[in-house]
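Novice: Below is the file target.cif, which contains mmCIF, C-alpha atoms and all ligand atoms.
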```
data_entry
loop_
_atom_site.label_atom_id
_atom_site.label_comp_id
_atom_site.auth_asym_id
_atom_site.auth_seq_id
_atom_site.Cartn_x
_atom_site.Cartn_y
_atom_site.Cartn_z
CA ALA A 24 103.59 76.33 65.96
CA LEU A 25 106.13 74.40 63.89
CA PRO A 26 109.75 74.84 65.05
CA PRO A 27 111.78 76.15 62.10
CA GLU A 28 114.58 73.75 61.28
CA ALA A 29 117.17 76.36 60.76
CA HIS A 30 116.89 80.07 60.72
CA CYS A 31 119.14 82.26 58.69
CA THR A 32 118.92 85.90 57.97
CA SER A 33 120.12 87.34 54.73
CA ASP A 34 121.21 90.89 54.55
CA ARG A 35 123.06 92.02 51.47
CA GLU A 36 125.96 93.33 53.47
CA ARG A 37 126.02 91.06 56.50
CA PHE A 38 125.06 87.45 55.74
CA PRO A 39 125.58 86.09 52.26
CA LEU A 40 123.18 83.17 52.12
CA ARG A 41 124.84 79.82 51.77
CA LEU A 42 122.87 76.66 51.40
CA SER A 43 125.33 74.79 53.58
CA GLU A 44 123.91 76.69 56.51
CA PHE A 45 120.75 74.64 56.32
CA ARG A 46 120.63 71.38 58.19
CA VAL A 47 119.56 68.83 55.62
CA PRO A 48 118.02 65.63 57.00
CA ALA A 49 120.66 62.85 56.66
CA THR A 50 118.49 60.29 54.89
CA THR A 51 115.16 60.21 53.18
CA ALA A 52 113.95 58.06 56.05
CA ALA A 53 115.04 60.74 58.51
CA ALA A 54 113.37 63.38 56.40
CA SER A 55 110.11 61.52 56.01
CA ALA A 56 110.13 60.30 59.61
CA ALA A 57 109.52 63.77 60.96
CA PRO A 58 109.12 66.19 58.08
CA ARG A 59 110.12 69.67 59.23
CA PRO A 60 110.60 72.93 57.46
CA VAL A 61 113.94 72.74 55.71
CA ALA A 62 114.53 76.37 55.69
CA SER A 63 113.32 79.61 57.04
CA LEU A 64 114.45 82.73 55.30
CA SER A 65 113.89 86.23 56.59
CA VAL A 66 114.60 89.74 55.49
CA PRO A 67 114.67 92.10 58.48
CA ASN A 68 112.96 95.45 58.01
CA ARG A 69 115.32 98.43 57.74
CA ASP A 70 114.47 99.59 61.26
CA GLY A 71 114.90 96.07 62.65
CA ARG A 72 118.66 96.34 62.44
CA GLU A 73 119.28 96.02 66.14
CA GLY A 74 117.50 92.64 65.82
CA LEU A 75 120.30 91.59 63.49
CA ARG A 76 122.89 92.75 65.93
CA ARG A 77 121.31 90.55 68.59
CA ALA A 78 121.25 87.65 66.11
CA ARG A 79 124.93 87.92 65.49
CA GLU A 80 125.59 87.30 69.16
CA GLY A 81 124.10 83.81 68.76
CA PRO A 82 126.15 80.74 67.84
CA ARG A 83 127.57 81.20 64.33
CA TYR A 84 124.94 80.62 61.66
CA ARG A 85 122.50 79.16 64.11
CA PRO A 86 120.85 82.30 65.32
CA ARG A 87 117.72 81.53 67.18
CA GLN A 88 114.59 83.67 67.21
CA VAL A 89 116.19 86.16 64.80
CA ARG A 90 112.87 87.92 64.51
CA PRO A 91 113.53 91.64 64.53
CA PRO A 92 111.96 93.39 67.55
CA ARG A 93 108.16 93.73 67.51
CA GLY A 94 108.03 90.82 65.11
CA ARG A 95 108.95 93.02 62.19
CA GLY A 96 110.58 91.73 59.00
CA SER A 97 109.33 89.23 56.46
CA SER A 98 110.05 85.52 56.53
CA VAL A 99 109.12 82.33 54.70
CA GLU A 100 109.25 78.65 55.65
CA VAL A 101 109.60 75.84 53.12
CA TYR A 102 109.26 72.03 53.46
CA PHE A 103 111.14 69.40 51.52
CA TYR A 104 107.90 67.49 51.67
CA GLY A 105 105.98 68.74 48.66
CA GLY A 106 108.50 71.58 48.11
CA GLN A 107 105.82 73.44 50.00
CA VAL A 108 105.85 76.95 51.42
CA THR A 109 103.96 76.76 54.72
CA SER A 110 104.53 80.24 56.13
CA TRP A 111 105.04 83.70 54.67
CA LYS A 112 105.08 86.72 56.92
CA ASN A 113 105.09 90.20 55.46
CA ASN A 114 107.28 93.11 56.54
CA PHE A 115 105.11 93.59 59.59
CA GLY A 116 105.63 90.00 60.64
CA GLU A 117 101.97 89.18 59.82
CA GLN A 118 101.22 85.65 58.59
CA GLN A 119 99.77 85.71 55.05
CA LEU A 120 99.28 82.00 54.47
CA PHE A 121 96.81 79.52 55.94
CA VAL A 122 97.84 76.06 57.13
CA SER A 123 95.15 73.94 58.77
CA ARG A 124 95.71 73.08 62.40
CA LYS A 125 94.70 69.56 61.36
CA ALA A 126 97.21 69.41 58.50
CA SER A 127 99.27 66.24 58.11
CA PHE A 128 102.97 66.68 57.40
CA LYS A 129 103.59 63.10 56.36
CA PRO A 130 103.14 61.12 53.14
CA PRO A 131 100.81 60.25 51.53
CA LYS A 132 98.62 63.25 52.41
CA ALA A 133 99.71 66.65 51.12
CA ILE A 134 100.12 69.44 53.70
CA ARG A 135 96.73 71.18 53.93
CA GLY A 136 97.40 74.84 53.21
CA GLY A 137 100.40 76.99 52.30
CA ILE A 138 101.41 76.83 48.63
CA GLN A 139 101.04 73.35 47.13
CA ILE A 140 102.86 72.63 43.86
CA CYS A 141 100.36 70.87 41.60
CA PHE A 142 102.30 68.96 38.92
CA PRO A 143 102.04 67.28 36.41
CA GLN A 144 98.27 67.58 36.82
CA LEU A 145 95.88 70.08 38.39
CA GLY A 146 92.83 68.75 40.18
CA ASN A 147 91.27 65.71 38.51
CA HIS A 148 91.96 67.06 35.03
CA GLY A 149 93.77 63.88 34.01
CA VAL A 150 94.45 60.23 34.92
CA LEU A 151 96.85 60.82 37.81
CA GLU A 152 96.00 61.35 41.48
CA GLN A 153 94.27 64.64 42.40
CA HIS A 154 96.67 67.57 41.81
CA GLY A 155 99.45 65.24 40.55
CA PHE A 156 102.26 63.79 42.72
CA ALA A 157 104.76 66.62 43.27
CA ARG A 158 102.90 67.86 46.37
CA ASN A 159 103.44 64.59 48.23
CA ARG A 160 106.98 63.79 47.23
CA LEU A 161 110.21 64.54 49.05
CA TRP A 162 112.16 67.28 47.28
CA SER A 163 115.82 68.06 47.86
CA VAL A 164 118.13 71.04 47.84
CA ASP A 165 119.13 72.03 44.32
CA GLU A 166 122.87 72.39 44.80
CA SER A 167 123.54 73.77 41.33
CA PRO A 168 120.54 75.63 40.00
CA PRO A 169 121.05 77.11 36.52
CA PHE A 170 121.39 80.89 36.60
CA LEU A 171 118.22 82.90 37.07
CA ASP A 172 118.48 86.59 36.26
CA THR A 173 115.93 87.59 38.84
CA THR A 174 117.39 85.96 41.94
CA PHE A 175 117.05 87.89 45.19
CA ASP A 176 119.69 87.44 47.90
CA CYS A 177 117.24 85.72 50.17
CA HIS A 178 116.28 82.53 48.35
CA ILE A 179 116.41 78.77 48.41
CA ASP A 180 116.42 76.37 45.47
CA LEU A 181 114.73 72.97 45.61
CA ILE A 182 114.50 70.22 43.02
CA LEU A 183 112.31 67.20 42.29
CA LYS A 184 113.13 64.46 39.78
CA GLN A 185 111.30 61.31 38.73
CA SER A 186 111.55 58.29 41.02
CA GLU A 187 111.21 54.67 39.92
CA GLU A 188 107.71 54.77 41.42
CA ASP A 189 106.76 57.87 39.45
CA LEU A 190 108.01 56.40 36.18
CA LYS A 191 105.44 53.63 36.57
CA ILE A 192 102.57 56.15 36.66
CA TRP A 193 104.09 58.94 34.55
CA PRO A 194 106.83 57.53 32.30
CA HIS A 195 108.86 60.69 31.85
CA SER A 196 112.26 61.97 33.01
CA TYR A 197 112.04 65.52 34.18
CA GLU A 198 113.56 68.10 36.49
CA LEU A 199 111.23 70.36 38.44
CA ARG A 200 113.19 73.20 40.00
CA LEU A 201 111.58 75.61 42.47
CA GLN A 202 113.15 78.83 43.70
CA VAL A 203 111.50 80.43 46.73
CA ALA A 204 112.65 83.99 47.33
CA LEU A 205 111.88 87.02 49.46
CA SER A 206 112.38 90.44 47.93
CA PRO A 207 113.87 93.27 50.01
CA THR A 208 110.33 94.59 50.46
CA GLY A 209 109.10 91.20 51.69
CA ASP A 210 107.33 90.01 48.54
CA LEU A 211 107.18 86.25 48.06
CA ILE A 212 108.43 85.01 44.69
CA LEU A 213 108.11 81.43 43.43
CA ILE A 214 109.77 80.47 40.17
CA SER A 215 109.35 76.94 38.80
CA ARG A 216 111.37 75.51 35.93
CA ILE A 217 110.39 72.19 34.34
CA LYS A 218 112.69 70.43 31.94
CA ASN A 219 112.03 67.38 29.78
CA ASN A 220 114.94 64.97 30.21
CA ASN A 221 113.44 62.11 28.26
CA ALA A 222 116.21 60.26 26.45
CA ASP A 223 113.75 58.67 24.05
CA CYS A 224 112.84 62.01 22.40
CA LYS A 225 109.30 61.66 23.75
CA PRO A 226 107.59 65.02 24.50
CA PHE A 227 105.44 65.27 27.61
CA GLN A 228 102.45 67.40 28.53
CA PHE A 229 101.50 68.76 31.94
CA SER A 230 99.35 71.26 33.78
CA PHE A 231 100.57 73.20 36.79
CA ALA A 232 99.41 75.35 39.68
CA TYR A 233 100.61 77.20 42.75
CA HIS A 234 97.68 76.11 44.94
CA THR A 235 97.97 79.07 47.32
CA SER A 236 95.92 79.23 50.54
CA PHE A 237 95.80 82.71 52.00
CA SER A 238 94.94 83.39 55.61
CA VAL A 239 92.03 85.86 55.66
CA SER A 240 90.21 87.65 58.47
CA ASP A 241 86.68 86.64 57.52
CA ILE A 242 85.87 85.05 54.16
CA SER A 243 82.64 87.08 53.87
CA GLU A 244 84.77 90.25 54.06
CA VAL A 245 87.04 89.31 51.17
CA ARG A 246 86.80 90.02 47.45
CA VAL A 247 88.95 89.07 44.49
CA ASP A 248 89.40 91.63 41.71
CA GLY A 249 90.60 91.03 38.17
CA LEU A 250 88.39 88.03 37.29
CA ASP A 251 85.31 89.90 36.11
CA THR A 252 83.91 88.94 32.64
CA LEU A 253 86.26 85.92 32.46
CA ASP A 254 85.20 82.41 31.54
CA TYR A 255 85.74 79.81 34.21
CA LEU A 256 85.35 76.06 34.67
CA ASP A 257 83.03 75.35 37.58
CA ASN A 258 84.17 72.19 39.36
CA LEU A 259 80.93 72.22 41.32
CA ARG A 260 79.04 71.76 38.03
CA SER A 261 81.25 69.08 36.42
CA LYS A 262 83.61 71.66 34.99
CA MET A 263 80.84 73.49 33.17
CA ARG A 264 82.19 76.56 31.32
CA CYS A 265 80.60 79.68 32.80
CA ASN A 266 81.21 83.42 32.62
CA GLU A 267 81.92 85.68 35.61
CA GLN A 268 79.17 88.31 35.73
CA GLY A 269 80.20 89.99 38.95
CA ASP A 270 82.70 92.88 38.98
CA ALA A 271 84.47 91.06 41.80
CA VAL A 272 84.36 87.52 43.19
CA VAL A 273 82.86 87.46 46.69
CA PHE A 274 82.16 84.45 48.92
CA GLU A 275 78.80 83.37 50.30
CA SER A 276 79.05 79.60 49.59
CA GLU A 277 81.45 76.91 48.31
CA VAL A 278 83.54 78.10 45.36
CA ASP A 279 85.67 75.77 43.21
CA SER A 280 86.51 77.54 39.97
CA LEU A 281 89.28 77.71 37.41
CA TYR A 282 89.36 81.15 35.77
CA LEU A 283 90.73 81.05 32.26
CA SER A 284 93.09 83.49 30.55
CA ALA A 285 93.13 85.82 33.53
CA PRO A 286 95.08 89.11 33.59
CA ARG A 287 98.66 89.13 34.91
CA LYS A 288 97.61 90.79 38.18
CA ILE A 289 94.93 89.47 40.52
CA VAL A 290 94.08 91.37 43.69
CA THR A 291 92.62 89.84 46.85
CA ILE A 292 91.24 92.48 49.23
CA ASP A 293 90.72 91.69 52.90
CA HIS A 294 88.54 94.58 54.06
CA GLU A 295 88.67 93.71 57.73
CA LYS A 296 92.46 93.47 57.82
CA LYS A 297 92.72 96.48 55.44
CA ARG A 298 95.24 94.43 53.56
CA THR A 299 95.50 93.66 49.87
CA LEU A 300 97.36 90.70 48.39
CA VAL A 301 98.58 91.52 44.90
CA LEU A 302 99.38 88.38 42.91
CA ARG A 303 101.39 88.72 39.70
CA LYS A 304 101.92 85.75 37.45
CA LYS A 305 103.97 84.84 34.40
CA GLU A 306 103.44 81.94 31.94
CA LEU A 307 100.45 80.89 34.07
CA PRO A 308 97.34 82.12 32.26
CA ASP A 309 94.70 80.67 34.59
CA VAL A 310 93.72 81.14 38.24
CA VAL A 311 92.42 78.65 40.79
CA VAL A 312 89.86 80.01 43.28
CA TRP A 313 88.65 77.70 46.02
CA ASN A 314 86.87 77.79 49.36
CA PRO A 315 85.29 74.51 50.58
CA TRP A 316 82.72 76.31 52.79
CA ASP A 317 81.02 74.51 55.69
CA LYS A 318 79.75 71.17 54.30
CA LYS A 319 82.98 70.20 52.50
CA ALA A 320 85.00 71.47 55.48
CA LYS A 321 83.22 69.02 57.78
CA VAL A 322 84.19 66.02 55.65
CA MET A 323 87.84 66.91 55.08
CA PRO A 324 89.88 65.01 57.72
CA ASP A 325 92.79 67.43 57.61
CA PHE A 326 90.69 70.60 57.78
CA GLY A 327 88.93 72.20 60.77
CA ALA A 328 85.13 72.51 60.47
CA GLU A 329 85.26 76.32 60.88
CA GLU A 330 88.53 76.96 59.10
CA TYR A 331 86.79 77.83 55.80
CA ASN A 332 86.05 81.21 57.43
CA CYS A 333 89.70 82.18 57.60
CA MET A 334 91.21 80.86 54.37
CA LEU A 335 90.93 81.39 50.62
CA CYS A 336 92.81 79.65 47.84
CA VAL A 337 93.79 81.94 44.95
CA GLY A 338 96.67 80.65 42.84
CA ALA A 339 98.25 81.01 39.40
CA ALA A 340 97.76 77.99 37.16
CA CYS A 341 98.00 76.57 33.68
CA ILE A 342 95.15 74.20 32.95
CA GLU A 343 93.15 75.15 29.87
CA LYS A 344 96.10 74.72 27.51
CA PRO A 345 98.47 72.16 29.04
CA ILE A 346 102.16 72.73 28.31
CA THR A 347 104.00 70.41 25.96
CA LEU A 348 107.79 70.10 26.24
CA ARG A 349 110.04 68.23 23.85
CA PRO A 350 113.24 66.67 25.22
CA GLY A 351 115.70 69.34 26.29
CA GLU A 352 113.03 72.03 26.39
CA GLU A 353 112.27 73.95 29.59
CA TRP A 354 109.24 75.90 30.83
CA GLN A 355 109.31 78.58 33.52
CA GLY A 356 106.31 79.76 35.56
CA ARG A 357 106.40 82.53 38.14
CA GLN A 358 104.06 83.73 40.89
CA GLU A 359 104.88 86.81 42.94
CA ILE A 360 102.76 88.07 45.83
CA SER A 361 102.94 91.40 47.65
CA SER A 362 101.04 92.17 50.80
CA VAL A 363 100.14 95.85 50.99
CA PRO A 364 98.01 97.84 53.40
CA SER A 365 94.81 98.99 51.77
CA SER A 366 94.00 102.01 53.85
CA TYR A 367 90.77 102.92 52.15
CA SER A 368 87.75 101.10 53.63
CA SER A 369 86.55 100.46 50.09
CA GLY A 370 89.64 98.33 49.81
CA GLN A 371 90.85 100.53 47.01
CA LEU A 372 94.60 100.67 47.13
CA ASP A 373 95.93 103.91 48.60
CA PRO A 374 97.29 105.97 45.63
CA GLU A 375 100.56 106.42 47.53
CA ILE A 376 100.85 102.59 47.81
CA ILE A 377 100.17 102.30 44.07
CA ARG A 378 102.94 104.83 43.36
CA GLN A 379 105.31 102.84 45.62
CA MET A 380 104.35 99.54 43.89
CA GLN A 381 104.87 101.09 40.47
CA ARG A 382 108.34 102.05 41.62
CA ILE A 383 109.10 98.36 42.60
O1 LIG B 1 91.62 73.58 43.44
C1 LIG B 1 90.42 73.21 43.87
C2 LIG B 1 90.37 71.73 44.18
O2 LIG B 1 90.67 70.99 43.07
C3 LIG B 1 89.01 71.40 44.77
O3 LIG B 1 88.26 70.64 43.90
C4 LIG B 1 89.33 70.74 46.10
O4 LIG B 1 89.28 69.40 46.02
C5 LIG B 1 90.69 71.29 46.41
O5 LIG B 1 91.34 71.42 45.19
C6 LIG B 1 91.50 70.52 47.40
O6 LIG B 1 91.93 69.34 46.87
P1 LIG B 1 92.66 68.26 47.83
O7 LIG B 1 93.03 67.13 46.94
O8 LIG B 1 93.85 68.94 48.40
O9 LIG B 1 91.67 67.89 48.89
#
```
The structure given in the file should be rewritten as structure tokens.

Specialist:
Amino acid sequence: ALPPEAHCTSDRERFPLRLSEFRVPATTAAASAAPRPVASLSVPNRDGREGLRRAREGPRYRPRQVRPPRGRGSSVEVYFYGGQVTSWKNNFGEQQLFVSRKASFKPPKAIRGGIQICFPQLGNHGVLEQHGFARNRLWSVDESPPFLDTTFDCHIDLILKQSEEDLKIWPHSYELRLQVALSPTGDLILISRIKNNNADCKPFQFSFAYHTSFSVSDISEVRVDGLDTLDYLDNLRSKMRCNEQGDAVVFESEVDSLYLSAPRKIVTIDHEKKRTLVLRKKELPDVVVWNPWDKKAKVMPDFGAEEYNCMLCVGAACIEKPITLRPGEEWQGRQEISSVPSSYSSGQLDPEIIRQMQRI
């Protein structure tokens, strides 16, 4: 397990979150030498209060193991490297994301798993390296993020800007801001804002994705709802445009598809865990769905041969119609995920849960 760099709880009344609490690696060299999670945010569950009390006994602002008793309370871990979320635990302290045990945490390889930020290109849909360069660059803390009306208490803001190296391969000045937040109910919210800072009034175009790898119980016991009847680009058949005939996407072999113009809500049901991951997206019309299955798994150096059984990538994306920004213009793309128990064996959401979610 990766030691969290710093651990800070945020509770409306008790601990206003201040970025200065996070230990920021002194120099880029230090940061890249041993990339570690920059931050670990957690929202204790209402009945985990006594956990908080214990936390407060620790040295100021450096509580250790602030996990509420019985591992309850949601948390998220983020890396400067790639601006990547590598852990998200729901209100029951259950890990929702997959990170390969063979993952590399050092440039040039992106961290295998978690939520990769694919920018300015998704996949090999363009001339740049696979999935663009943002996922293997060192991000930094965004000390002065412009106001966001939907900010939850428990959040961290990161930023990536062009480097001299990047300008040689993608000659544009930009700001890519990422806010990672936990809602009071433990939902994970990612909001990206991309601004064109070109001084030469040149517009730029990009595609984008939250390449999100979920941890699942058994891939053959998982289904994805909300993609039926949609067109998709099949990367296994040279991006051939196909149409989804099934009423749900299930997994019996390698899948590498980009679903186009998908609905705002996509539901991933893990029958065995009786858990449903509800993904909501904004300004990201498409959805990436990927599982390498056995053959591809064996040839990926940073992926365990059997790990395809316990992971599934389902992420919001914008690929079919790349976004064009003129200088000064900004785009914002949001992905929000809730992890809810699906008590019915059919995986249907429990009506009571639906009522609760509609109240959120
Ligand atoms: O999103 C699917 C995909 O583009 C697949 O084609 C597969 O290559 C996957 O991403 C992982 O890409 P990576 O460059 O991280 O090995």

Novice: From the list A:Arg124, A:Ala157, A:Gly96, A:Gln107, which residue is nearest A:Ala328 when using all atoms listed in the file?

Specialist: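 Looking at the shortest contact to A:Ala328, the residue is A:Arg124.
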
Novice: Rounded to one decimal in Å, what is the spacing between atom CA of A:Leu181 and atom CA of A:Arg287?

Specialist: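 So the answer is 25.2 Å.
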
Novice: To check your reading of the model: which residues sit at most 6 Å from ligand LIG 1 (chain B) when counting only C-alpha atoms and all ligand atoms? Write the answer as a compact mmCIF listing (two decimals) with C-alpha atoms, keeping the file's coordinate frame.

Specialist:
```txt
# COMPACT_ATOMS: atom_id res chain seq x y z
CA GLY A 146 92.83 68.75 40.18
CA GLN A 153 94.27 64.64 42.40
CA ASP A 279 85.67 75.77 43.21
CA VAL A 311 92.42 78.65 40.79
CA TRP A 313 88.65 77.70 46.02
```

Novice: Near stretch 162-172 of chain A, counting only C-alpha atoms, which residues have an atom at most 9 Å away, once you skip same-chain residues fewer than 5 positions from it, shown as an mmCIF file with C-alpha atoms, keeping the file's coordinate frame?

Specialist:
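Contents of around-v8.cif, as written:
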```cif
data_model
loop_
_atom_site.group_PDB
_atom_site.id
_atom_site.type_symbol
_atom_site.label_atom_id
_atom_site.label_comp_id
_atom_site.auth_asym_id
_atom_site.auth_seq_id
_atom_site.Cartn_x
_atom_site.Cartn_y
_atom_site.Cartn_z
ATOM 1 C CA LEU A 42 122.870 76.660 51.400
ATOM 2 C CA VAL A 47 119.560 68.830 55.620
ATOM 3 C CA TYR A 102 109.260 72.030 53.460
ATOM 4 C CA PHE A 103 111.140 69.400 51.520
ATOM 5 C CA TYR A 104 107.900 67.490 51.670
ATOM 6 C CA GLY A 105 105.980 68.740 48.660
ATOM 7 C CA GLY A 106 108.500 71.580 48.110
ATOM 8 C CA ALA A 157 104.760 66.620 43.270
ATOM 9 C CA ILE A 179 116.410 78.770 48.410
ATOM 10 C CA ASP A 180 116.420 76.370 45.470
ATOM 11 C CA LEU A 181 114.730 72.970 45.610
ATOM 12 C CA ILE A 182 114.500 70.220 43.020
ATOM 13 C CA LEU A 183 112.310 67.200 42.290
ATOM 14 C CA LYS A 184 113.130 64.460 39.780
ATOM 15 C CA ARG A 200 113.190 73.200 40.000
ATOM 16 C CA LEU A 201 111.580 75.610 42.470
ATOM 17 C CA GLN A 202 113.150 78.830 43.700
#
```

Novice: Of the candidates A:Lys225, A:Arg158, A:His294, A:Lys305, which shows the shortest atom-to-atom distance to A:Ile242, using only C-alpha atoms?

Specialist: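 Looking only at the distances to A:Ile242, the closest residue turns out to be A:His294.
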
Novice: Find the residue from A:His195, A:Ser280, A:Asp251, A:Ala126 that sits nearest to A:Glu267; use all atoms listed in the file when measuring.

Specialist: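 Of A:His195, A:Ser280, A:Asp251, A:Ala126, the one nearest A:Glu267, counting all atoms listed in the file, is A:Asp251.
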
Novice: Which polymer residues have any atom within 12 Å of an atom of A:His234, counting all atoms listed in the file, with same-chain residues fewer than 3 positions away left out, as an MDAnalysis selection string?

Specialist: chainID A and resid 105 107:109 120:121 133:142 144:146 154:155 157:158 213 231 237 281 309:314 335:341 358

Novice: Write the residues of the preceding selection, restricted to C-alpha atoms, as a PDB file, in the coordinates of the input.

Specialist:
```pdb
ATOM      1  CA  GLY A 105     105.980  68.740  48.660  1.00  0.00           C
ATOM      2  CA  GLN A 107     105.820  73.440  50.000  1.00  0.00           C
ATOM      3  CA  VAL A 108     105.850  76.950  51.420  1.00  0.00           C
ATOM      4  CA  THR A 109     103.960  76.760  54.720  1.00  0.00           C
ATOM      5  CA  LEU A 120      99.280  82.000  54.470  1.00  0.00           C
ATOM      6  CA  PHE A 121      96.810  79.520  55.940  1.00  0.00           C
ATOM      7  CA  ALA A 133      99.710  66.650  51.120  1.00  0.00           C
ATOM      8  CA  ILE A 134     100.120  69.440  53.700  1.00  0.00           C
ATOM      9  CA  ARG A 135      96.730  71.180  53.930  1.00  0.00           C
ATOM     10  CA  GLY A 136      97.400  74.840  53.210  1.00  0.00           C
ATOM     11  CA  GLY A 137     100.400  76.990  52.300  1.00  0.00           C
ATOM     12  CA  ILE A 138     101.410  76.830  48.630  1.00  0.00           C
ATOM     13  CA  GLN A 139     101.040  73.350  47.130  1.00  0.00           C
ATOM     14  CA  ILE A 140     102.860  72.630  43.860  1.00  0.00           C
ATOM     15  CA  CYS A 141     100.360  70.870  41.600  1.00  0.00           C
ATOM     16  CA  PHE A 142     102.300  68.960  38.920  1.00  0.00           C
ATOM     17  CA  GLN A 144      98.270  67.580  36.820  1.00  0.00           C
ATOM     18  CA  LEU A 145      95.880  70.080  38.390  1.00  0.00           C
ATOM     19  CA  GLY A 146      92.830  68.750  40.180  1.00  0.00           C
ATOM     20  CA  HIS A 154      96.670  67.570  41.810  1.00  0.00           C
ATOM     21  CA  GLY A 155      99.450  65.240  40.550  1.00  0.00           C
ATOM     22  CA  ALA A 157     104.760  66.620  43.270  1.00  0.00           C
ATOM     23  CA  ARG A 158     102.900  67.860  46.370  1.00  0.00           C
ATOM     24  CA  LEU A 213     108.110  81.430  43.430  1.00  0.00           C
ATOM     25  CA  PHE A 231     100.570  73.200  36.790  1.00  0.00           C
ATOM     26  CA  PHE A 237      95.800  82.710  52.000  1.00  0.00           C
ATOM     27  CA  LEU A 281      89.280  77.710  37.410  1.00  0.00           C
ATOM     28  CA  ASP A 309      94.700  80.670  34.590  1.00  0.00           C
ATOM     29  CA  VAL A 310      93.720  81.140  38.240  1.00  0.00           C
ATOM     30  CA  VAL A 311      92.420  78.650  40.790  1.00  0.00           C
ATOM     31  CA  VAL A 312      89.860  80.010  43.280  1.00  0.00           C
ATOM     32  CA  TRP A 313      88.650  77.700  46.020  1.00  0.00           C
ATOM     33  CA  ASN A 314      86.870  77.790  49.360  1.00  0.00           C
ATOM     34  CA  LEU A 335      90.930  81.390  50.620  1.00  0.00           C
ATOM     35  CA  CYS A 336      92.810  79.650  47.840  1.00  0.00           C
ATOM     36  CA  VAL A 337      93.790  81.940  44.950  1.00  0.00           C
ATOM     37  CA  GLY A 338      96.670  80.650  42.840  1.00  0.00           C
ATOM     38  CA  ALA A 339      98.250  81.010  39.400  1.00  0.00           C
ATOM     39  CA  ALA A 340      97.760  77.990  37.160  1.00  0.00           C
ATOM     40  CA  CYS A 341      98.000  76.570  33.680  1.00  0.00           C
ATOM     41  CA  GLN A 358     104.060  83.730  40.890  1.00  0.00           C
TER      42      GLN A 358
END
```

Novice: What does the structure give for the distance between atom CA of A:Gly327 and atom CA of A:Pro131, in Å to one decimal?

Specialist: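 That distance, rounded to one decimal, is 19.2 Å.
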
Novice: Just how far from atom CA of A:Ser365 is atom CA of A:Leu205, in Å to one decimal?

Specialist: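 A separation of 21.0 Å between them.
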
Novice: Would you pick out the contacts of A:Phe229 at 6 Å or less, using all atoms listed in the file, so that residues sharing its chain but fewer than 6 positions from it are not included, and give the list as JSON, numbers by chain?

Specialist: {"A": [143, 144, 345, 346]}

Novice: May I have the residues from that selection written out with C-alpha atoms, as a PDB file, in the coordinates of the input?

Specialist:
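Once everything was written out, this is part_24.pdb:
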```
ATOM      1  CA  PRO A 143     102.040  67.280  36.410  1.00  0.00           C
ATOM      2  CA  GLN A 144      98.270  67.580  36.820  1.00  0.00           C
ATOM      3  CA  PRO A 345      98.470  72.160  29.040  1.00  0.00           C
ATOM      4  CA  ILE A 346     102.160  72.730  28.310  1.00  0.00           C
TER       5      ILE A 346
END
```

Novice: Determine the nearest neighbour of A:Glu343 from the options A:Asn114, A:Ser236, A:Ser284, A:Ser196, counting all atoms listed in the file.

Specialist: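 Of A:Asn114, A:Ser236, A:Ser284, A:Ser196, the one nearest A:Glu343 is A:Ser284, counting all atoms listed in the file.
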
Novice: Quick one: residues within 7 Å of A:Gln268, all atoms listed in the file counted, chain neighbours fewer than 2 positions away excluded, as a list in words?

Specialist: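 Returned residues: Asp251, Thr252, Asn266 and Asp270 of chain A.
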